[in-house]
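Please read the structure below before turning to the comments.
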Amino acid sequence: MGAMRLTHVTTADLDRMEFHAVRSGEHGPVAAQLQDLANRVDAGSEITRAELFVRAGEQWEIAQEYEHACAAYQRAIDDGGPTVIDARALSAGALLQLDETDRAYAQLKRLEGEPVLGLPTYVHIAEVLYAHDDLAGAERWATVGIRAHMDAAASPYVRDLLDELLRMRFRVRTDLGLGEDDLDGLLDTD
């Protein structure tokens with residue numbers, strides 16, 4: 001048996017594959033293709049092995065194949081490489097879809113011990129908890145994410161994510177019947 005051929009994956013390659021999945025609706029086949037790429041990607045690739053596993057998991061979720069998504073996210077966690085959204089947060093969301101609540105919250109508990117997570121991770125967790133009717137959890141994660149990144153709002157990308165999290169937090173707090181606070185006031189400054 002010959003050696004597996006390593007490959008280099010660019011952002012353009014990834015965009016092309018994900019666009020194809022959206023246009024064709026072939027999320028499962030694209031997820032399988034992304035996993036195959038993750039298994040063959042070389043160390044110098046623009047897209048990391050862990051990020052490819054994450055993107056495969058996201059495609060599996062769109063295809064409503066949550067077991068496959070969990071497996072892909074676990075591969076990303078095991079790999080340990082950098083990802084845009086922490087694979088443990090994505091795993092928690094897929095586990096909630098499978099009604100594996102205890103396992104999902106165990107993943108989130110592990111994340112609570114991290115010094116500062118990326119803003120996309122906080123947005124994802126707040127969205128997932130909101131979708132699963134854990135309004136108090138969504139509000140708590142959104143608050144922590146906003147406070148952790150308030151001083152980092154220099155780039156337009158970060159500002160957009162921060163605004164998204166502020167809007168989500170405001171909606172959750174409204175649903176919970178909570179009054180406005182200092183962070184809600186940040187929505188009025190733009």
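A note on labels: chains of the structure tokens are A, B, ... as shown, every chain counts residues from 1, and ligands are counted from 1 in their shown order.
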Item to check | Contacts of stretch 30-38 of chain A at 6 Å (only C-alpha atoms; same-chain gap of 6+ positions) as a list in words | outcome: Arg49, Leu52, Phe53, Ala56, Gln59 and Trp60 of chain A
Go ahead and save the picked residues with C-alpha atoms, as a PDB file, in the first residue's frame.
ATOM      1  CA  ARG A  49      -6.586  19.849   9.990  1.00  0.00           C
ATOM      2  CA  LEU A  52     -11.299  21.016   8.271  1.00  0.00           C
ATOM      3  CA  PHE A  53     -12.773  18.594  10.828  1.00  0.00           C
ATOM      4  CA  ALA A  56     -16.953  18.795   8.087  1.00  0.00           C
ATOM      5  CA  GLN A  59     -21.786  20.233   7.068  1.00  0.00           C
ATOM      6  CA  TRP A  60     -22.839  17.028   8.862  1.00  0.00           C
TER       7      TRP A  60
END
Checklist entry - Neighbours of A:Thr7 within 8 Å (only C-alpha atoms; same-chain residues fewer than 4 positions away dropped), as a list of chain:residue names? => result A:Leu37, A:Arg40, A:Val41, A:Asp42, A:Ser45
Show me, as a short mmCIF file (atom, residue, chain, number, x, y, z; two decimals) with N, CA, C and O atoms, in the first residue's frame, the residues that have an atom within 9 Å of stretch 144-155 of chain A when counting only C-alpha atoms, minus same-chain residues fewer than 5 positions from it.
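The result, stored in result.cif:
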data_model
loop_
_atom_site.label_atom_id
_atom_site.label_comp_id
_atom_site.auth_asym_id
_atom_site.auth_seq_id
_atom_site.Cartn_x
_atom_site.Cartn_y
_atom_site.Cartn_z
N VAL A 116 -9.65 33.04 27.86
CA VAL A 116 -10.52 33.82 26.97
C VAL A 116 -10.70 33.03 25.68
O VAL A 116 -9.73 32.64 25.04
N LEU A 117 -11.94 32.80 25.33
CA LEU A 117 -12.26 32.12 24.08
C LEU A 117 -12.45 33.16 22.98
O LEU A 117 -12.73 34.32 23.27
N GLY A 118 -12.36 32.74 21.74
CA GLY A 118 -12.60 33.66 20.64
C GLY A 118 -14.06 34.09 20.61
O GLY A 118 -14.96 33.35 21.02
N LEU A 119 -14.30 35.28 20.13
CA LEU A 119 -15.65 35.83 20.07
C LEU A 119 -16.62 34.94 19.28
O LEU A 119 -17.77 34.76 19.70
N THR A 121 -16.78 31.82 19.23
CA THR A 121 -17.18 30.72 20.12
C THR A 121 -18.28 31.17 21.07
O THR A 121 -19.26 30.46 21.28
N TYR A 122 -18.13 32.37 21.63
CA TYR A 122 -19.18 32.89 22.52
C TYR A 122 -20.50 33.07 21.76
O TYR A 122 -21.57 32.75 22.29
N VAL A 123 -20.43 33.59 20.54
CA VAL A 123 -21.64 33.78 19.73
C VAL A 123 -22.32 32.42 19.51
O VAL A 123 -23.53 32.28 19.70
N GLU A 139 -27.67 33.99 28.19
CA GLU A 139 -27.39 35.34 28.70
C GLU A 139 -26.02 35.37 29.39
O GLU A 139 -25.23 36.29 29.18
N ASP A 160 -18.52 43.66 14.44
CA ASP A 160 -19.76 43.01 13.97
C ASP A 160 -20.16 41.85 14.88
O ASP A 160 -21.33 41.69 15.21
N LEU A 162 -19.28 41.45 18.02
CA LEU A 162 -19.65 42.02 19.31
C LEU A 162 -21.08 42.58 19.25
O LEU A 162 -21.88 42.35 20.17
N LEU A 165 -23.53 39.72 19.32
CA LEU A 165 -23.65 39.19 20.68
C LEU A 165 -24.44 40.13 21.57
O LEU A 165 -25.26 39.69 22.39
N LEU A 166 -24.23 41.43 21.42
CA LEU A 166 -25.00 42.41 22.19
C LEU A 166 -26.49 42.33 21.86
O LEU A 166 -27.34 42.35 22.76
N LEU A 183 -24.35 46.98 29.65
CA LEU A 183 -24.01 46.39 28.35
C LEU A 183 -25.10 46.66 27.32
O LEU A 183 -24.80 46.88 26.14
#
Item to check | A:Thr11 surroundings by only C-alpha atoms, 8 Å radius, close-in-sequence under 2 positions cut, as a ChimeraX atom specification | outcome: /A:9,13-15,46-47
Next on the checklist: as a ChimeraX atom specification, please: the residues near A:Leu135 (cut-off 9 Å, only C-alpha atoms, same-chain neighbours under 3 positions excluded).
Outcome noted: /A:126,129-132,138-140,172-173,175-176
Next on the checklist: Using DSSP assignments from the backbone, pull out every residue in stretch 44-167 of chain A that falls under alpha helix (DSSP H) and give it to me as a ChimeraX atom specification.
Outcome noted: /A:49-62,66-79,87-97,101-112,119-131,135-149,156-167
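With atom CA of A:Pro115 on one side and atom CA of A:Gly80 on the other, the separation reads 16.4 Å.
Separating atom CA of A:Asp99 from atom CA of A:Asn39 is a distance of 28.8 Å.
Using only C-alpha atoms, the nearest neighbour of A:Gly93 within the list A:Gly57, A:Gly44, A:Gly81, A:Gly28 is A:Gly57.
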Checklist outcome for this item: Taken to one decimal, the atom CA of A:Glu180-atom CA of A:Glu164 distance is 16.8 Å
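With only C-alpha atoms as the atoms that count, the minimum distance from A:Glu65 to the choices A:Arg88, A:His124, A:Arg169, A:His27 is reached by A:His27.
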Neighbouring residues of A:Ile77 were defined as those with any atom within 10 Å, considering only C-alpha atoms; residues of the same chain fewer than 5 positions away were excluded. Please report them as an mmCIF file with C-alpha atoms, in the first residue's frame.
data_model
loop_
_atom_site.group_PDB
_atom_site.id
_atom_site.type_symbol
_atom_site.label_atom_id
_atom_site.label_comp_id
_atom_site.auth_asym_id
_atom_site.auth_seq_id
_atom_site.Cartn_x
_atom_site.Cartn_y
_atom_site.Cartn_z
ATOM 1 C CA ALA A 50 -8.708 20.787 13.026
ATOM 2 C CA GLU A 51 -10.556 23.504 11.063
ATOM 3 C CA PHE A 53 -12.773 18.594 10.828
ATOM 4 C CA VAL A 54 -14.848 21.470 12.247
ATOM 5 C CA ALA A 71 -17.336 12.439 15.560
ATOM 6 C CA ALA A 72 -15.862 15.168 13.317
ATOM 7 C CA PRO A 82 -6.609 26.211 15.917
ATOM 8 C CA THR A 83 -10.210 26.630 14.783
ATOM 9 C CA ASP A 86 -13.816 26.059 19.477
ATOM 10 C CA ALA A 87 -14.669 22.474 18.527
ATOM 11 C CA ARG A 88 -15.884 21.760 22.072
ATOM 12 C CA SER A 91 -19.656 19.492 19.856
#
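Considering only C-alpha atoms, the residue among A:Glu67, A:Gln97, A:Asp184, A:Ala89 positioned nearest to A:Asp163 is A:Asp184.
Between A:Ala142 and the residues A:Ala12, A:Val22, A:Val128, A:Met168, the shortest atom-to-atom distance, using only C-alpha atoms, involves A:Met168.
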